[in-house]
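A.B. asks: Dropping a structure here in structure tokens format, bear with me for questions.
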Amino acid sequence: MIAGKFSITTARPMEMIDITAMVSDRLRQACITQGTCTLFNPHTTAGLTINEGADPDVQQDIISGLQKIVPMAYPFKHAEGNSPAHIMASLTGSALTILIEDGQLVLGTWQRIFFCEFDGPRPRTVLWRILVCT
Amino acid sequence: MIAGKFSITTARPMEMIDITAMVSDRLRQACITQGTCTLFNPHTTAGLTINEGADPDVQQDIISGLQKIVPMAYPFKHAEGNSPAHIMASLTGSALTILIEDGQLVLGTWQRIFFCEFDGPRPRTVLWRILVCT
Amino acid sequence: MIAGKFSITTARPMEMIDITAMVSDRLRQACITQGTCTLFNPHTTAGLTINEGADPDVQQDIISGLQKIVPMAYPFKHAEGNSPAHIMASLTGSALTILIEDGQLVLGTWQRIFFCEFDGPRPRTVLWRILVCT
């Protein structure tokens, strides 16, 4: 399989979940040597990002930072009350493309791939597709 | 055709224009079963994003939120006076990659693709290219 | 070669370095007519963005704007003290995909590709891979 999806369940209103192992497991099963892997988040109150995974304080600081950056008390019009989560989704982005070299995801020393929950807890899905270089 | 461009005309200083139908029309004509579609915005005061399309209040809240997040009165140096729009362009991003499965764009239930005008009204262009999986 | 990496050295704590010529040099050597070029930044305190290159004041305003947008004095937990740079990395993004048509990178009139240093000066690397359309 060079495409598919996997499920995750978030536990808190906002959190960053490390999905690197889930992505590299799919890549290993696909037996692709060179190419790219595109991840796609089909939700409008969540995002995908790559950032430091070694110190969990970084993930906490990114969430605290986003809560400071995005106005939480602004008189938003959307009745569901989760407009800050929609804004965070557009700031972090819905899709990520990662390079594959020698059968491995190419990530920097400190980099991990994160699913960002901005309006949880909820069950969530991440879609992926590998494009193969011939 | 698996690549091309389409034109849009924005009507306001800031607005989000739903371009999903324009993208899926091109995809239908291309008759591609599996692959990816990359959209590229060649402008420096506009962006591309995927977010909720069902309630137009969400689009309005994203624009209001960006106007709160990006300082509009900061003493910027760029003489043209549209530095906030350049900053919003880098926050939302110039390119988007969307998955194609079974001949369809894969989008979540509430997701639509938006061209984000940050310095309009202007005529604008969106470029696209499909990469086919064999 | 349709994949590789190149090195850059940043000189300041925060700066935007125009890497367009480095990318188009690689593309010229690759002799690819149609496809996409994905750039990937393997660092967690830096980003990649496309924005205006004609007036250097725009780059300065984007940096000043990010310093206003991201709280610099918030009591962050990460002991290294560079949490604002990690947040900026997630706001600008780790990867960029650019279209290739007729052997050229497709960029708008004012667009240039920038490596964004948020925690320099440091030696940095940018990875790239071209996907060819057949």
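Chain labels run A, B, ... following the order of the structure tokens; each chain numbers its residues from 1, and ligands are numbered from 1 in the order shown.
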Taking only C-alpha atoms into account, what are the residues of chain B at most 6 Å from chain C, put as a tab-separated table (two decimals) with all heavy atoms, in the first residue's frame?

C.D. replies:
```
chain	number	residue	atom	x	y	z
B	42	PRO	N	0.77	32.48	-6.93
B	42	PRO	CA	1.98	33.23	-7.33
B	42	PRO	C	2.02	34.67	-6.81
B	42	PRO	O	2.85	35.45	-7.28
B	42	PRO	CB	1.88	33.21	-8.86
B	42	PRO	CG	0.42	33.22	-9.13
B	42	PRO	CD	-0.22	32.42	-8.01
B	43	HIS	N	1.18	35.01	-5.84
B	43	HIS	CA	1.09	36.38	-5.33
B	43	HIS	C	1.70	36.47	-3.93
B	43	HIS	O	1.66	35.50	-3.18
B	43	HIS	CB	-0.36	36.84	-5.30
B	43	HIS	CG	-1.07	36.62	-6.61
B	43	HIS	ND1	-0.82	37.40	-7.70
B	43	HIS	CD2	-1.97	35.70	-7.00
B	43	HIS	CE1	-1.57	36.98	-8.72
B	43	HIS	NE2	-2.28	35.94	-8.32
B	44	THR	N	2.21	37.65	-3.56
B	44	THR	CA	2.88	37.80	-2.26
B	44	THR	C	2.01	38.50	-1.21
B	44	THR	O	2.48	38.70	-0.09
B	44	THR	CB	4.22	38.56	-2.42
B	44	THR	OG1	3.94	39.83	-3.00
B	44	THR	CG2	5.18	37.78	-3.32
B	76	PHE	N	5.75	49.90	9.92
B	76	PHE	CA	6.45	49.07	8.93
B	76	PHE	C	7.30	49.96	8.02
B	76	PHE	O	7.00	51.13	7.81
B	76	PHE	CB	5.42	48.27	8.12
B	76	PHE	CG	4.74	47.19	8.90
B	76	PHE	CD1	3.38	47.26	9.21
B	76	PHE	CD2	5.46	46.09	9.36
B	76	PHE	CE1	2.76	46.26	9.93
B	76	PHE	CE2	4.84	45.09	10.10
B	76	PHE	CZ	3.49	45.17	10.38
B	77	LYS	N	8.33	49.34	7.41
B	77	LYS	CA	9.26	50.10	6.55
B	77	LYS	C	8.83	50.10	5.08
B	77	LYS	O	9.12	51.04	4.35
B	77	LYS	CB	10.67	49.48	6.67
B	77	LYS	CG	11.23	49.58	8.09
B	77	LYS	CD	12.53	48.79	8.25
B	77	LYS	CE	13.69	49.49	7.56
B	77	LYS	NZ	14.96	48.76	7.76
B	78	HIS	N	8.20	49.03	4.61
B	78	HIS	CA	7.85	48.88	3.20
B	78	HIS	C	6.88	50.00	2.78
B	78	HIS	O	5.77	50.12	3.32
B	78	HIS	CB	7.21	47.50	3.01
B	78	HIS	CG	6.81	47.19	1.61
B	78	HIS	ND1	7.63	47.38	0.52
B	78	HIS	CD2	5.66	46.66	1.11
B	78	HIS	CE1	7.00	46.98	-0.59
B	78	HIS	NE2	5.81	46.54	-0.26
B	87	ILE	N	2.73	39.61	5.54
B	87	ILE	CA	2.88	38.73	6.71
B	87	ILE	C	1.80	37.65	6.70
B	87	ILE	O	2.08	36.46	6.93
B	87	ILE	CB	2.83	39.56	8.02
B	87	ILE	CG1	4.03	40.51	8.07
B	87	ILE	CG2	2.80	38.65	9.24
B	87	ILE	CD1	3.94	41.58	9.15
B	91	LEU	N	1.99	33.49	6.76
B	91	LEU	CA	1.33	32.70	7.80
B	91	LEU	C	0.42	31.62	7.20
B	91	LEU	O	0.31	30.53	7.75
B	91	LEU	CB	0.49	33.61	8.72
B	91	LEU	CG	1.28	34.57	9.63
B	91	LEU	CD1	0.31	35.43	10.44
B	91	LEU	CD2	2.22	33.82	10.57
```

A.B. asks: Return as a ChimeraX atom specification the full set of residues in chain A whose backbone-based DSSP assignment is helix (DSSP H, G or I).

C.D. replies: /A:20-30,56-69,83-92

A.B. asks: Please, could you write that set of residues out with N, CA, C and O atoms as a tab-separated table (two decimals), in the first residue's frame?

C.D. replies:
```
chain	number	residue	atom	x	y	z
A	20	THR	N	4.95	10.38	14.29
A	20	THR	CA	6.10	9.98	13.46
A	20	THR	C	6.16	8.46	13.28
A	20	THR	O	6.38	7.97	12.17
A	21	ALA	N	5.97	7.72	14.37
A	21	ALA	CA	6.07	6.26	14.28
A	21	ALA	C	4.97	5.69	13.39
A	21	ALA	O	5.20	4.75	12.62
A	22	MET	N	3.77	6.26	13.48
A	22	MET	CA	2.67	5.77	12.63
A	22	MET	C	3.00	5.99	11.15
A	22	MET	O	2.71	5.13	10.31
A	23	VAL	N	3.60	7.13	10.84
A	23	VAL	CA	3.96	7.40	9.44
A	23	VAL	C	5.10	6.49	8.99
A	23	VAL	O	5.05	5.89	7.92
A	24	SER	N	6.13	6.34	9.83
A	24	SER	CA	7.28	5.54	9.37
A	24	SER	C	6.93	4.05	9.31
A	24	SER	O	7.48	3.33	8.47
A	25	ASP	N	5.99	3.59	10.12
A	25	ASP	CA	5.51	2.20	9.99
A	25	ASP	C	4.89	1.97	8.60
A	25	ASP	O	5.16	0.95	7.96
A	26	ARG	N	4.04	2.91	8.16
A	26	ARG	CA	3.41	2.77	6.83
A	26	ARG	C	4.47	2.78	5.74
A	26	ARG	O	4.37	2.04	4.76
A	27	LEU	N	5.45	3.64	5.90
A	27	LEU	CA	6.51	3.74	4.90
A	27	LEU	C	7.30	2.43	4.83
A	27	LEU	O	7.61	1.94	3.74
A	28	ARG	N	7.58	1.85	5.97
A	28	ARG	CA	8.35	0.59	6.00
A	28	ARG	C	7.57	-0.50	5.27
A	28	ARG	O	8.13	-1.25	4.46
A	29	GLN	N	6.26	-0.57	5.52
A	29	GLN	CA	5.44	-1.59	4.85
A	29	GLN	C	5.34	-1.34	3.34
A	29	GLN	O	5.12	-2.27	2.57
A	30	ALA	N	5.49	-0.08	2.93
A	30	ALA	CA	5.34	0.24	1.50
A	30	ALA	C	6.59	-0.12	0.71
A	30	ALA	O	6.54	-0.26	-0.52
A	56	PRO	N	9.32	17.64	25.74
A	56	PRO	CA	7.87	17.89	25.66
A	56	PRO	C	7.46	19.31	26.04
A	56	PRO	O	6.37	19.75	25.70
A	57	ASP	N	8.35	20.04	26.73
A	57	ASP	CA	8.05	21.44	27.04
A	57	ASP	C	7.89	22.28	25.78
A	57	ASP	O	7.15	23.26	25.78
A	58	VAL	N	8.58	21.89	24.70
A	58	VAL	CA	8.44	22.66	23.45
A	58	VAL	C	7.01	22.57	22.95
A	58	VAL	O	6.40	23.56	22.55
A	59	GLN	N	6.44	21.35	22.98
A	59	GLN	CA	5.06	21.19	22.53
A	59	GLN	C	4.10	22.00	23.40
A	59	GLN	O	3.17	22.63	22.90
A	60	GLN	N	4.37	22.01	24.71
A	60	GLN	CA	3.53	22.79	25.62
A	60	GLN	C	3.65	24.28	25.32
A	60	GLN	O	2.66	25.01	25.34
A	61	ASP	N	4.88	24.72	25.01
A	61	ASP	CA	5.10	26.14	24.72
A	61	ASP	C	4.46	26.55	23.39
A	61	ASP	O	3.99	27.69	23.24
A	62	ILE	N	4.44	25.64	22.42
A	62	ILE	CA	3.79	25.96	21.14
A	62	ILE	C	2.29	26.14	21.36
A	62	ILE	O	1.69	27.10	20.87
A	63	ILE	N	1.71	25.28	22.16
A	63	ILE	CA	0.28	25.41	22.46
A	63	ILE	C	-0.01	26.68	23.26
A	63	ILE	O	-0.92	27.45	22.92
A	64	SER	N	0.79	26.94	24.28
A	64	SER	CA	0.61	28.19	25.05
A	64	SER	C	0.80	29.40	24.15
A	64	SER	O	0.06	30.39	24.25
A	65	GLY	N	1.80	29.34	23.27
A	65	GLY	CA	2.06	30.45	22.36
A	65	GLY	C	0.88	30.70	21.44
A	65	GLY	O	0.45	31.84	21.26
A	66	LEU	N	0.32	29.62	20.87
A	66	LEU	CA	-0.83	29.78	19.98
A	66	LEU	C	-2.03	30.38	20.72
A	66	LEU	O	-2.78	31.19	20.17
A	67	GLN	N	-2.20	29.98	21.98
A	67	GLN	CA	-3.31	30.53	22.78
A	67	GLN	C	-3.12	32.03	23.06
A	67	GLN	O	-4.10	32.74	23.28
A	68	LYS	N	-1.87	32.47	23.11
A	68	LYS	CA	-1.59	33.90	23.27
A	68	LYS	C	-1.75	34.65	21.94
A	68	LYS	O	-2.19	35.79	21.89
A	69	ILE	N	-1.34	33.98	20.84
A	69	ILE	CA	-1.33	34.64	19.52
A	69	ILE	C	-2.75	34.83	19.00
A	69	ILE	O	-3.10	35.88	18.47
A	83	SER	N	-14.04	29.21	16.83
A	83	SER	CA	-13.30	29.95	15.80
A	83	SER	C	-11.79	30.02	16.06
A	83	SER	O	-11.02	29.92	15.11
A	84	PRO	N	-11.34	30.17	17.32
A	84	PRO	CA	-9.89	30.14	17.53
A	84	PRO	C	-9.26	28.86	16.99
A	84	PRO	O	-8.16	28.90	16.40
A	85	ALA	N	-9.93	27.73	17.12
A	85	ALA	CA	-9.39	26.46	16.60
A	85	ALA	C	-9.33	26.48	15.07
A	85	ALA	O	-8.38	25.96	14.47
A	86	HIS	N	-10.33	27.07	14.42
A	86	HIS	CA	-10.29	27.18	12.95
A	86	HIS	C	-9.12	28.06	12.51
A	86	HIS	O	-8.46	27.77	11.51
A	87	ILE	N	-8.87	29.14	13.25
A	87	ILE	CA	-7.75	30.03	12.89
A	87	ILE	C	-6.43	29.30	13.07
A	87	ILE	O	-5.55	29.36	12.21
A	88	MET	N	-6.28	28.58	14.18
A	88	MET	CA	-5.04	27.81	14.40
A	88	MET	C	-4.83	26.78	13.29
A	88	MET	O	-3.70	26.51	12.89
A	89	ALA	N	-5.93	26.19	12.80
A	89	ALA	CA	-5.82	25.22	11.70
A	89	ALA	C	-5.20	25.86	10.47
A	89	ALA	O	-4.33	25.27	9.81
A	90	SER	N	-5.63	27.09	10.15
A	90	SER	CA	-5.07	27.75	8.97
A	90	SER	C	-3.64	28.24	9.22
A	90	SER	O	-2.86	28.35	8.28
A	91	LEU	N	-3.28	28.53	10.46
A	91	LEU	CA	-1.90	28.96	10.75
A	91	LEU	C	-0.92	27.80	10.66
A	91	LEU	O	0.22	27.98	10.23
A	92	THR	N	-1.33	26.61	11.07
A	92	THR	CA	-0.39	25.47	11.03
A	92	THR	C	-0.49	24.71	9.71
A	92	THR	O	0.52	24.20	9.22
```

A.B. asks: Could you tell me which of B:Pro75, B:Gly81, B:Gly47, B:Gly103 comes closest to Glu117 of chain B if we count only C-alpha atoms?

C.D. replies: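 Among the listed residues, B:Gly47 lies closest to Glu117 of chain B.
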
A.B. asks: With only C-alpha atoms as the counted atoms, please give the residues lying no more than 6 Å from Val126 of chain A, apart from itself and same-chain residues fewer than 2 positions off, as a PDB file with C-alpha atoms, in the first residue's frame.

C.D. replies:
```
ATOM      1  CA  LYS A   5      -5.217   6.517   6.662  1.00  0.00           C
ATOM      2  CA  PHE A   6      -4.830   6.009  10.353  1.00  0.00           C
ATOM      3  CA  PHE A  40      -3.323  15.327   4.940  1.00  0.00           C
ATOM      4  CA  ASN A  41      -5.507  16.309   7.881  1.00  0.00           C
TER       5      ASN A  41
END
```

A.B. asks: Find the distance between atom CA of Thr38 of chain B and atom CA of Asp119 of chain B and write it in Å to one decimal.

C.D. replies: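 That distance, rounded to one decimal, is 23.3 Å.
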
A.B. asks: With a distance cut-off of 10 Å and only C-alpha atoms, select the neighbouring residues of Pro121 of chain C, excluding the residue or stretch itself and same-chain residues fewer than 5 positions from it, and output the selection as a PyMOL selection string.

C.D. replies: chain C and resi 9-15

A.B. asks: From the set C:Ile17, C:Ile8, C:Cys31, C:Cys37, which residue has the shortest atom-to-atom contact distance to Arg129 of chain B, counting only C-alpha atoms?

C.D. replies: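 Closest residue, counting only C-alpha atoms: C:Cys37.
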
A.B. asks: Just how far from atom CA of Asp18 of chain B is atom CA of Glu80 of chain A, in Å to one decimal?

C.D. replies: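 Computed distance, atom CA of Glu80 of chain A to atom CA of Asp18 of chain B, equals 20.8 Å.
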
A.B. asks: Could you jot down the atom CA of Ile19 of chain B to atom CA of Cys116 of chain B separation for me, Å, one decimal place?

C.D. replies: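 Straight-line distance from atom CA of Ile19 of chain B to atom CA of Cys116 of chain B works out to 10.1 Å.
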
A.B. asks: As a PyMOL selection string, please: all residues of segment 14-115 of chain C that backbone DSSP puts in strand (DSSP E or B).

C.D. replies: chain C and resi 15-18+35-40+46-52+95-101+104-105+111-115
